[in-house]
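Enquirer: One file: coords36.cif (mmCIF, C-alpha atoms and all ligand atoms).
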```cif
data_start
loop_
_atom_site.label_atom_id
_atom_site.label_comp_id
_atom_site.auth_asym_id
_atom_site.auth_seq_id
_atom_site.Cartn_x
_atom_site.Cartn_y
_atom_site.Cartn_z
CA MET A 1 0.00 0.00 0.00
CA ASN A 2 1.23 3.52 -0.79
CA ILE A 3 0.74 6.38 1.65
CA LEU A 4 1.30 10.08 1.11
CA VAL A 5 2.27 12.11 4.18
CA LEU A 6 1.83 15.89 4.03
CA GLY A 7 5.07 17.24 5.47
CA ALA A 8 8.57 15.85 5.00
CA GLY A 9 10.15 16.15 8.44
CA GLN A 10 11.22 13.63 11.06
CA LEU A 11 7.66 12.43 11.75
CA ALA A 12 7.16 11.39 8.11
CA ARG A 13 10.64 9.85 8.22
CA MET A 14 9.81 7.72 11.25
CA MET A 15 6.46 6.68 9.73
CA SER A 16 8.37 5.58 6.65
CA LEU A 17 10.87 3.57 8.72
CA GLU A 18 8.11 1.78 10.61
CA GLY A 19 5.79 1.34 7.67
CA ALA A 20 8.28 -0.58 5.52
CA PRO A 21 7.93 -3.96 7.32
CA LEU A 22 4.14 -3.73 6.88
CA ASP A 23 4.57 -2.98 3.18
CA LEU A 24 3.19 0.51 3.84
CA ASN A 25 5.32 2.70 1.60
CA VAL A 26 5.49 6.36 2.48
CA ARG A 27 6.04 9.31 0.16
CA ALA A 28 6.19 12.79 1.66
CA TYR A 29 4.99 16.14 0.35
CA ASP A 30 7.36 18.97 1.21
CA VAL A 31 5.07 22.01 1.37
CA GLY A 32 8.08 24.38 1.24
CA THR A 33 9.49 23.14 -2.07
CA LYS A 34 6.12 21.76 -3.27
CA THR A 35 7.73 18.47 -4.24
CA ILE A 36 7.06 14.81 -3.48
CA VAL A 37 10.11 13.39 -1.73
CA HIS A 38 11.30 10.13 -0.24
CA PRO A 39 11.13 10.75 3.54
CA LEU A 40 14.51 9.12 4.25
CA THR A 41 16.70 10.30 1.39
CA LEU A 42 14.70 13.46 0.57
CA THR A 43 15.30 12.64 -3.12
CA THR A 44 12.44 13.95 -5.23
CA PHE A 45 9.92 11.98 -7.23
CA THR A 46 8.87 13.38 -10.60
CA GLN A 47 5.19 13.10 -9.58
CA THR A 48 3.20 16.29 -9.11
CA LEU A 49 1.02 16.56 -5.99
CA GLU A 50 -2.08 15.77 -8.10
CA GLN A 51 -0.42 12.70 -9.61
CA CYS A 52 0.74 11.48 -6.21
CA ILE A 53 -2.76 11.92 -4.75
CA ALA A 54 -4.14 9.78 -7.57
CA PHE A 55 -1.34 7.21 -7.15
CA VAL A 56 -1.48 6.57 -3.39
CA ASP A 57 -4.10 4.60 -1.45
CA VAL A 58 -4.15 6.78 1.66
CA ILE A 59 -3.13 10.35 2.55
CA THR A 60 -2.25 11.64 6.00
CA ALA A 61 -0.23 14.46 7.61
CA GLU A 62 2.68 15.01 9.96
CA PHE A 63 1.73 18.62 10.76
CA GLU A 64 -1.35 20.80 11.03
CA HIS A 65 -0.39 24.02 9.24
CA ILE A 66 -1.35 22.70 5.81
CA PRO A 67 -2.09 25.24 3.05
CA ASP A 68 -5.84 25.33 2.27
CA ASP A 69 -5.42 24.46 -1.42
CA VAL A 70 -3.38 21.35 -0.57
CA LEU A 71 -5.86 20.29 2.12
CA ALA A 72 -8.78 20.78 -0.30
CA LEU A 73 -7.14 18.57 -2.95
CA CYS A 74 -6.40 15.83 -0.42
CA CYS A 75 -9.88 15.89 1.11
CA ALA A 76 -11.53 15.80 -2.33
CA SER A 77 -9.74 12.51 -3.06
CA GLY A 78 -11.62 10.81 -0.20
CA LYS A 79 -8.32 9.27 0.95
CA PHE A 80 -7.33 11.78 3.61
CA TYR A 81 -7.19 10.90 7.33
CA PRO A 82 -7.64 12.19 10.04
CA GLY A 83 -9.89 14.59 8.10
CA LYS A 84 -10.28 18.30 7.57
CA ALA A 85 -12.00 19.12 10.88
CA ALA A 86 -9.12 17.61 12.86
CA ILE A 87 -6.44 19.45 10.88
CA LYS A 88 -8.34 22.72 11.25
CA ALA A 89 -8.74 22.22 15.00
CA GLY A 90 -5.04 21.43 15.36
CA GLY A 91 -3.97 24.38 13.20
CA ASP A 92 -6.15 27.11 14.71
CA ARG A 93 -6.35 27.60 18.46
CA ASN A 94 -9.72 29.31 18.24
CA ILE A 95 -11.29 26.33 16.42
CA GLU A 96 -9.49 24.05 18.87
CA LYS A 97 -11.02 25.85 21.86
CA ALA A 98 -14.50 25.61 20.29
CA LEU A 99 -14.00 21.86 19.84
CA LEU A 100 -12.89 21.44 23.46
CA ASP A 101 -15.92 23.37 24.69
CA LYS A 102 -18.26 21.36 22.45
CA ALA A 103 -16.84 18.06 23.68
CA SER A 104 -17.04 19.31 27.32
CA VAL A 105 -13.32 18.80 27.89
CA PRO A 106 -11.82 21.36 30.30
CA SER A 107 -9.07 23.71 29.08
CA ALA A 108 -7.57 27.02 30.18
CA PRO A 109 -10.09 29.93 30.23
CA TYR A 110 -9.45 32.16 27.21
CA GLN A 111 -10.60 35.10 25.12
CA LEU A 112 -10.31 35.76 21.42
CA ILE A 113 -8.38 38.89 20.46
CA THR A 114 -8.68 40.68 17.14
CA GLU A 115 -8.31 44.28 18.37
CA LYS A 116 -6.62 46.13 21.21
CA ALA A 117 -9.81 46.61 23.25
CA HIS A 118 -10.17 42.80 23.44
CA PHE A 119 -6.63 42.56 24.81
CA VAL A 120 -7.32 45.12 27.53
CA ALA A 121 -10.61 43.40 28.39
CA ALA A 122 -8.88 39.98 28.56
CA ALA A 123 -6.28 41.32 30.99
CA GLU A 124 -9.11 42.57 33.17
CA SER A 125 -11.40 39.55 33.06
CA LEU A 126 -8.82 36.75 33.05
CA GLY A 127 -6.28 38.50 35.27
CA LEU A 128 -2.47 38.54 35.11
CA PRO A 129 -0.24 36.88 34.17
CA LEU A 130 -1.67 36.07 30.75
CA VAL A 131 -0.37 33.71 28.08
CA ILE A 132 -1.00 35.14 24.62
CA LYS A 133 -0.86 32.82 21.63
CA THR A 134 -1.20 33.33 17.89
CA CYS A 135 -4.03 31.08 16.69
CA GLN A 136 -2.84 30.10 13.21
CA ALA A 137 0.92 29.74 13.66
CA GLY A 138 3.42 28.70 16.28
CA TYR A 139 5.05 25.56 17.60
CA ASP A 140 7.77 24.92 20.17
CA GLY A 141 6.52 27.94 22.13
CA LYS A 142 7.02 30.35 19.21
CA GLY A 143 4.37 32.98 18.46
CA GLN A 144 3.58 33.55 22.13
CA TRP A 145 3.86 36.37 24.63
CA ARG A 146 3.54 36.57 28.39
CA LEU A 147 1.79 39.61 29.88
CA LYS A 148 2.99 39.90 33.47
CA SER A 149 2.26 43.56 34.12
CA LEU A 150 -0.04 46.11 32.49
CA ASN A 151 3.08 48.20 31.76
CA GLN A 152 3.97 45.72 29.02
CA LEU A 153 0.58 45.90 27.35
CA ASP A 154 1.36 48.57 24.71
CA GLU A 155 4.70 47.03 23.78
CA ILE A 156 3.28 43.51 23.38
CA TRP A 157 0.27 44.84 21.51
CA LEU A 158 2.56 46.27 18.80
CA GLU A 159 3.87 42.77 18.04
CA MET A 160 0.39 41.25 18.25
CA ALA A 161 -0.98 43.90 15.86
CA GLU A 162 1.77 43.05 13.41
CA PHE A 163 0.71 39.39 13.41
CA LEU A 164 -2.97 40.29 13.04
CA ALA A 165 -2.14 42.59 10.11
CA ARG A 166 -0.37 39.77 8.27
CA GLY A 167 -3.67 37.88 7.98
CA THR A 168 -5.69 38.06 4.77
CA ALA A 169 -9.40 37.90 3.96
CA ASP A 170 -8.96 34.23 2.96
CA PHE A 171 -6.74 33.43 5.91
CA PRO A 172 -7.52 35.83 8.78
CA HIS A 173 -5.15 35.92 11.74
CA THR A 174 -6.46 35.83 15.31
CA ILE A 175 -4.91 35.63 18.76
CA ILE A 176 -6.10 34.15 22.04
CA ALA A 177 -5.27 35.20 25.56
CA GLU A 178 -5.26 32.38 28.10
CA LYS A 179 -5.21 32.41 31.83
CA MET A 180 -1.78 31.34 33.07
CA ILE A 181 -2.33 27.92 34.66
CA PRO A 182 -0.25 27.21 37.78
CA PHE A 183 0.30 23.56 36.85
CA ASP A 184 2.17 20.96 38.90
CA ARG A 185 3.36 19.21 35.77
CA GLU A 186 2.64 18.75 32.08
CA VAL A 187 1.49 15.40 30.72
CA SER A 188 0.24 14.13 27.38
CA VAL A 189 -1.75 11.25 26.05
CA ILE A 190 -1.21 9.68 22.64
CA GLY A 191 -3.64 7.23 21.14
CA ALA A 192 -5.06 5.82 17.96
CA ARG A 193 -8.66 5.56 16.80
CA ASN A 194 -9.59 3.51 13.76
CA LYS A 195 -12.40 3.72 11.22
CA GLN A 196 -14.59 1.43 13.33
CA GLY A 197 -14.23 3.78 16.31
CA GLU A 198 -11.96 1.41 18.25
CA PHE A 199 -9.20 2.83 20.44
CA ALA A 200 -5.62 1.97 21.33
CA ILE A 201 -4.32 4.46 23.89
CA TYR A 202 -0.80 4.65 25.33
CA PRO A 203 0.09 5.30 28.97
CA VAL A 204 0.17 9.00 29.85
CA THR A 205 3.60 10.62 29.48
CA GLU A 206 5.13 13.29 31.76
CA ASN A 207 6.79 16.05 29.75
CA GLN A 208 9.47 18.58 30.59
CA HIS A 209 9.79 21.72 28.49
CA THR A 210 12.76 24.06 28.43
CA ASN A 211 12.18 27.53 26.93
CA GLY A 212 8.90 26.32 25.41
CA VAL A 213 10.45 23.26 23.73
CA LEU A 214 9.96 19.65 24.84
CA THR A 215 13.27 18.37 26.20
CA LEU A 216 12.37 15.13 28.00
CA SER A 217 9.44 12.71 28.29
CA LEU A 218 9.00 10.03 30.94
CA ALA A 219 6.54 7.14 30.56
CA GLY A 220 5.43 4.59 33.09
CA PHE A 221 4.82 6.49 36.33
CA VAL A 222 1.39 8.09 36.05
CA ASP A 223 -1.43 6.95 38.35
CA ALA A 224 -4.73 5.49 37.16
CA ALA A 225 -6.82 8.55 38.14
CA VAL A 226 -4.84 10.77 35.77
CA GLN A 227 -4.72 8.06 33.09
CA ASN A 228 -8.51 7.72 33.20
CA GLN A 229 -9.08 11.46 32.78
CA ALA A 230 -6.75 11.45 29.78
CA ILE A 231 -8.51 8.47 28.21
CA ASP A 232 -11.89 10.15 28.73
CA ALA A 233 -10.70 13.36 27.02
CA PHE A 234 -9.14 11.36 24.19
CA LYS A 235 -12.33 9.41 23.51
CA LYS A 236 -14.59 12.47 23.71
CA LEU A 237 -12.45 14.55 21.34
CA THR A 238 -11.73 11.86 18.76
CA ASN A 239 -15.37 10.69 18.73
CA GLU A 240 -16.52 14.30 18.27
CA MET A 241 -14.39 14.56 15.10
CA ASP A 242 -14.81 10.92 13.97
CA TYR A 243 -11.03 10.95 14.09
CA VAL A 244 -8.96 8.26 12.35
CA GLY A 245 -5.25 7.98 13.16
CA VAL A 246 -2.99 8.90 16.06
CA MET A 247 -3.75 12.05 18.02
CA ALA A 248 -1.93 13.68 20.93
CA ILE A 249 -3.39 15.79 23.73
CA GLU A 250 -1.16 17.94 25.95
CA PHE A 251 -2.49 18.64 29.44
CA PHE A 252 -1.69 20.68 32.51
CA ASP A 253 -2.00 18.64 35.69
CA VAL A 254 -3.32 20.91 38.44
CA ALA A 255 -3.56 19.01 41.73
CA GLY A 256 -4.50 15.81 39.92
CA GLN A 257 -7.07 17.47 37.63
CA LEU A 258 -6.22 17.52 33.93
CA MET A 259 -6.86 20.60 31.81
CA VAL A 260 -6.11 20.49 28.08
CA ASN A 261 -3.31 22.74 26.82
CA GLU A 262 -3.56 21.79 23.15
CA ILE A 263 -4.16 18.92 20.77
CA ALA A 264 -2.02 17.71 17.87
CA PRO A 265 -3.82 15.78 15.11
CA ARG A 266 -0.79 13.58 14.42
CA VAL A 267 2.03 11.59 15.94
CA HIS A 268 3.79 13.67 18.58
CA ASN A 269 7.25 14.26 20.02
CA SER A 270 6.07 13.15 23.47
CA GLY A 271 5.21 9.75 21.97
CA HIS A 272 8.64 8.89 20.57
CA TRP A 273 9.35 6.67 23.59
CA THR A 274 6.72 4.24 22.25
CA GLN A 275 9.34 3.12 19.72
CA GLN A 276 10.88 1.00 22.43
CA GLY A 277 8.63 1.14 25.47
CA THR A 278 5.76 -0.64 23.70
CA ALA A 279 5.21 -3.40 21.15
CA CYS A 280 3.68 -1.07 18.56
CA SER A 281 4.95 2.50 18.26
CA GLN A 282 2.80 5.57 17.63
CA PHE A 283 4.19 5.70 14.06
CA GLU A 284 3.15 2.13 13.31
CA ASN A 285 -0.24 2.60 14.97
CA HIS A 286 -0.92 5.76 13.00
CA LEU A 287 -0.18 3.98 9.73
CA ARG A 288 -2.23 0.97 10.83
CA ALA A 289 -5.21 3.22 11.66
CA VAL A 290 -5.20 5.18 8.40
CA ALA A 291 -4.50 2.05 6.34
CA GLY A 292 -7.41 0.19 7.93
CA LEU A 293 -5.22 -2.46 9.60
CA PRO A 294 -5.88 -3.76 13.14
CA LEU A 295 -4.50 -1.42 15.84
CA GLY A 296 -1.41 -2.59 17.73
CA ASP A 297 -0.73 -3.14 21.43
CA THR A 298 -0.17 0.12 23.33
CA GLN A 299 0.58 -1.36 26.77
CA LEU A 300 3.73 -0.23 28.50
CA GLN A 301 6.32 -2.98 28.25
CA LYS A 302 9.12 -1.02 29.91
CA PRO A 303 9.22 2.35 31.65
CA SER A 304 10.99 4.68 29.22
CA VAL A 305 12.50 8.10 28.78
CA MET A 306 12.88 10.10 25.58
CA ILE A 307 15.53 12.81 25.48
CA ASN A 308 15.42 15.36 22.67
CA VAL A 309 18.64 16.25 20.85
CA LEU A 310 18.36 19.99 20.16
CA GLY A 311 20.79 21.87 17.91
CA GLN A 312 23.60 19.31 18.22
CA ALA A 313 25.81 18.31 15.28
CA GLN A 314 25.60 14.65 16.25
CA ILE A 315 24.67 12.26 19.05
CA ASN A 316 27.61 11.13 21.20
CA SER A 317 27.91 7.45 20.28
CA GLU A 318 29.07 6.62 23.83
CA VAL A 319 25.39 6.54 24.79
CA LEU A 320 25.07 3.34 22.77
CA ARG A 321 27.25 1.50 25.32
CA ILE A 322 24.27 1.53 27.70
CA ALA A 323 21.87 -1.39 27.25
CA ASP A 324 18.45 -0.40 25.90
CA VAL A 325 19.61 3.02 24.75
CA LYS A 326 18.86 3.86 21.14
CA SER A 327 19.65 6.99 19.21
CA HIS A 328 17.41 8.32 16.45
CA TRP A 329 18.85 10.84 14.00
CA TYR A 330 16.64 12.83 11.65
CA GLY A 331 19.19 13.73 8.94
CA LYS A 332 18.34 17.45 9.02
CA SER A 333 20.72 20.39 8.56
CA GLN A 334 21.96 21.76 11.87
CA LYS A 335 20.46 24.94 13.36
CA PRO A 336 20.64 26.20 16.95
CA GLY A 337 17.82 24.69 19.00
CA ARG A 338 16.51 22.59 16.10
CA LYS A 339 15.17 19.12 16.82
CA MET A 340 18.00 17.03 15.33
CA GLY A 341 17.19 13.65 16.87
CA HIS A 342 16.26 11.91 20.08
CA ILE A 343 17.53 9.26 22.45
CA ASN A 344 15.27 6.58 23.92
CA VAL A 345 16.14 4.64 27.05
CA SER A 346 14.10 1.97 28.79
CA ALA A 347 14.51 -0.44 31.69
CA THR A 348 12.60 -3.08 33.61
CA SER A 349 12.31 -1.04 36.84
CA ALA A 350 12.44 2.56 38.09
CA ASN A 351 15.79 1.86 39.73
CA GLU A 352 17.36 0.44 36.61
CA LEU A 353 16.00 3.35 34.57
CA ALA A 354 17.50 5.80 37.08
CA ASN A 355 20.88 4.08 36.82
CA LYS A 356 20.84 4.29 33.05
CA LEU A 357 19.84 7.96 33.19
CA GLU A 358 22.76 8.63 35.55
CA ARG A 359 25.12 7.05 33.07
CA LEU A 360 23.55 9.12 30.29
CA ALA A 361 23.87 12.30 32.38
CA ALA A 362 27.61 11.65 32.66
CA ILE A 363 27.84 11.69 28.84
CA LEU A 364 25.25 14.35 27.99
CA PRO A 365 25.95 17.85 29.41
CA ASP A 366 23.06 19.19 31.50
CA GLU A 367 23.00 22.54 29.65
CA ASP A 368 22.31 20.72 26.35
CA TYR A 369 20.20 17.91 27.81
CA PRO A 370 18.32 19.41 30.78
CA GLY A 371 16.43 17.12 33.12
CA VAL A 372 18.33 13.86 32.57
CA LYS A 373 20.14 13.99 35.90
CA ALA A 374 17.10 15.38 37.74
CA THR A 375 14.89 12.59 36.39
CA ALA A 376 17.44 9.98 37.52
CA GLU A 377 17.41 11.49 41.02
CA ARG A 378 13.63 11.53 41.07
CA LEU A 379 13.37 7.84 40.16
CA LEU A 380 15.95 6.61 42.68
P1 LIG B 401 4.13 22.65 20.65
O1 LIG B 401 5.51 22.62 20.09
O2 LIG B 401 3.90 21.68 21.79
O3 LIG B 401 3.04 22.61 19.61
P2 LIG B 401 3.21 25.37 21.09
O4 LIG B 401 4.10 26.38 20.46
O5 LIG B 401 1.95 25.03 20.40
O6 LIG B 401 4.04 24.07 21.41
P3 LIG B 401 1.98 25.47 23.72
O7 LIG B 401 2.04 24.01 23.94
O8 LIG B 401 0.65 26.08 23.60
O9 LIG B 401 2.91 25.93 22.51
O10 LIG B 401 2.78 26.21 24.89
C1 LIG B 401 4.16 25.94 25.11
C2 LIG B 401 4.40 25.80 26.59
O11 LIG B 401 4.08 27.03 27.25
C3 LIG B 401 3.51 24.77 27.27
O12 LIG B 401 4.04 23.46 27.14
C4 LIG B 401 3.52 25.28 28.71
O13 LIG B 401 4.74 24.97 29.35
C5 LIG B 401 3.48 26.79 28.52
N1 LIG B 401 2.07 27.28 28.50
C6 LIG B 401 1.26 27.38 27.43
N2 LIG B 401 0.04 27.82 27.78
C7 LIG B 401 0.05 28.00 29.11
C8 LIG B 401 -0.92 28.42 30.08
N3 LIG B 401 -2.16 28.79 29.73
N4 LIG B 401 -0.53 28.44 31.38
C9 LIG B 401 0.72 28.09 31.77
N5 LIG B 401 1.68 27.69 30.89
C10 LIG B 401 1.36 27.63 29.59
MG MG B 402 1.26 23.40 19.49
MG MG B 403 2.44 22.32 23.07
#
```
If you took the structure in this file and wrote it as structure tokens, what would it be?
Ligand code: ATP
Ligand code: MG
Ligand code: MG
Expert:
Amino acid sequence: MNILVLGAGQLARMMSLEGAPLDLNVRAYDVGTKTIVHPLTLTTFTQTLEQCIAFVDVITAEFEHIPDDVLALCCASGKFYPGKAAIKAGGDRNIEKALLDKASVPSAPYQLITEKAHFVAAAESLGLPLVIKTCQAGYDGKGQWRLKSLNQLDEIWLEMAEFLARGTADFPHTIIAEKMIPFDREVSVIGARNKQGEFAIYPVTENQHTNGVLTLSLAGFVDAAVQNQAIDAFKKLTNEMDYVGVMAIEFFDVAGQLMVNEIAPRVHNSGHWTQQGTACSQFENHLRAVAGLPLGDTQLQKPSVMINVLGQAQINSEVLRIADVKSHWYGKSQKPGRKMGHINVSATSANELANKLERLAAILPDEDYPGVKATAERLL
């Protein structure tokens, strides 16, 4: 079976790697260069997008900011999963908030901002500090502001106004202001839903962000009460959209109560640990779901940690001396802070995992790989 993935980054690459044994062959559409490429070699196919859409059996996406014309072509083919509504909800925070409200899933209180008076009113009604987010752009914490004092309001508004002005009649820009949530921790749930409405949901992952970017995920230590809330939100949201494929939900955990931060209608960085902590990774399960194959086992086999490799030229191969440590390289050109790869580590117990993380911390400097040492200490 041939599958077209919209987007040609590491997520399409990992889908390609895990699809091959199932005879699910992935081609990727690079929206920047508007070419069909092989996700591993990035060599181009001579097919146009239209030809590739006609050629493949199934179309899916590795990101949510898909140009409208491309999305329209893919949807018209009847081969596109998870569907337009899911991509729109993932790519526009205002639509996302409406979906959360409709499905009765709690999220941070918010207000839509399209003019300065809305911003002033939001600061009054929601209170400070405020998190301000562009609705149609932004990832890894980009396209956001924090309003801590009313003194900053005019200055931040100038930048917000600039974003709003870049919108067009066809593609209007909006902004939301959210109440700053004093969370105890951030967690996420990743799961798959198939065409029959069946679910396969992974254990909830604890996530650490550094400067707005995910740096480390830990799987295997979340209690059933939190897991059940995450499963409930996952089922409500995916049923609401008749979702097919893997979806991720990021949450704030406030005293054991989950509140949604955002959803991602795709495989997700906080699910990379599933490559070795479970029998069927998120990449394989996504392909299985969209291809109409039975969903795979999502049970935790081993507690695991995923460490992001940000902006590094390579992964220190010394890490491979540690049993059950695997490095994943994305083959991208190096840029400061860019997601270049990740390292997965798993173990049969918390103690063994802590020992392996200590050994990793001795190889990986804390300033480049924050949280490795601290997670080891926490698990001991
Ligand atoms: P991603 O790369 O995950 O898509 P993003 O750019 O869409 O990131 P968010 O996930 O919305 O950004 O926010 C980035 C981080 O900022 C969150 O993980 C969280 O740490 C913090 N944050 C966002 N919204 C709030 C909020 N309302 N209250 C407190 N912290 C927040
Ligand atoms: Mg996001
Ligand atoms: Mg996020």
Enquirer: Considering all atoms listed in the file, return as a list of chain:residue names whatever protein or nucleic-acid residues lie within 7 Å of Phe252 (chain A), sequence-local ones (same chain, fewer than 3 positions apart) excluded.
Expert: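 The neighbour list is A:Phe183, A:Arg185, A:Glu186, A:Val187, A:Leu258, A:Met259, A:Val260, A:Asn261.
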Enquirer: Which residues are near ligand MG 403 (chain B) in this structure, taking near to mean any atom at most 8 Å from a ligand atom and counting all atoms listed in the file? Format them as a ChimeraX atom specification.
Expert: /A:139-141,212,250,261-263
Enquirer: What's the 9 Å shell around region 52-62 of chain A, counting only C-alpha atoms, without same-chain residues fewer than 5 positions away, as a ChimeraX atom specification?
Expert: /A:1-12,27-28,36,47,73-75,77-83,87,245,265-268,287,290-291
Enquirer: Would you mind exporting the chosen residues as a JSON list (two decimals), in the frame of the given file, restricted to C-alpha atoms?
Expert:
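For reference, selection_15.json as written:
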```
[["chain", "number", "residue", "atom", "x", "y", "z"],
["A", 1, "MET", "CA", 0.00, 0.00, 0.00],
["A", 2, "ASN", "CA", 1.23, 3.52, -0.79],
["A", 3, "ILE", "CA", 0.74, 6.38, 1.65],
["A", 4, "LEU", "CA", 1.30, 10.08, 1.11],
["A", 5, "VAL", "CA", 2.27, 12.11, 4.18],
["A", 6, "LEU", "CA", 1.83, 15.89, 4.03],
["A", 7, "GLY", "CA", 5.07, 17.24, 5.47],
["A", 8, "ALA", "CA", 8.57, 15.85, 5.00],
["A", 9, "GLY", "CA", 10.15, 16.15, 8.44],
["A", 10, "GLN", "CA", 11.22, 13.63, 11.06],
["A", 11, "LEU", "CA", 7.66, 12.43, 11.75],
["A", 12, "ALA", "CA", 7.16, 11.39, 8.11],
["A", 27, "ARG", "CA", 6.04, 9.31, 0.16],
["A", 28, "ALA", "CA", 6.19, 12.79, 1.66],
["A", 36, "ILE", "CA", 7.06, 14.81, -3.48],
["A", 47, "GLN", "CA", 5.19, 13.10, -9.58],
["A", 73, "LEU", "CA", -7.14, 18.57, -2.95],
["A", 74, "CYS", "CA", -6.40, 15.83, -0.42],
["A", 75, "CYS", "CA", -9.88, 15.89, 1.11],
["A", 77, "SER", "CA", -9.74, 12.51, -3.06],
["A", 78, "GLY", "CA", -11.62, 10.81, -0.20],
["A", 79, "LYS", "CA", -8.32, 9.27, 0.95],
["A", 80, "PHE", "CA", -7.33, 11.78, 3.61],
["A", 81, "TYR", "CA", -7.19, 10.90, 7.33],
["A", 82, "PRO", "CA", -7.64, 12.19, 10.04],
["A", 83, "GLY", "CA", -9.89, 14.59, 8.10],
["A", 87, "ILE", "CA", -6.44, 19.45, 10.88],
["A", 245, "GLY", "CA", -5.25, 7.98, 13.16],
["A", 265, "PRO", "CA", -3.82, 15.78, 15.11],
["A", 266, "ARG", "CA", -0.79, 13.58, 14.42],
["A", 267, "VAL", "CA", 2.03, 11.59, 15.94],
["A", 268, "HIS", "CA", 3.79, 13.67, 18.58],
["A", 287, "LEU", "CA", -0.18, 3.98, 9.73],
["A", 290, "VAL", "CA", -5.20, 5.18, 8.40],
["A", 291, "ALA", "CA", -4.50, 2.05, 6.34]]
```
Enquirer: Could you list, as a ChimeraX atom specification, every residue within 10 Å of region 106-114 of chain A, counting only C-alpha atoms and ignoring same-chain residues fewer than 6 positions away?
Expert: /A:93-94,97,100,120-123,125-126,130-135,160-161,164-165,172-181,233,251-252,257-262
Enquirer: Can you tell me, as lines of an AutoDock Vina configuration file, the centre and edge lengths (Å, one decimal) of the axis-aligned box enclosing all of region 128-140 of chain A's listed atoms after padding each side by 5 Å?
Expert:
```
center_x = 1.9
center_y = 31.7
center_z = 24.2
size_x = 21.8
size_y = 23.6
size_z = 31.9
```
Enquirer: Please indicate the distance in Å from CA of Ala98 (chain A) to CA of Ala264 (chain A), rounded to one decimal place.
Expert: 15.0 Å
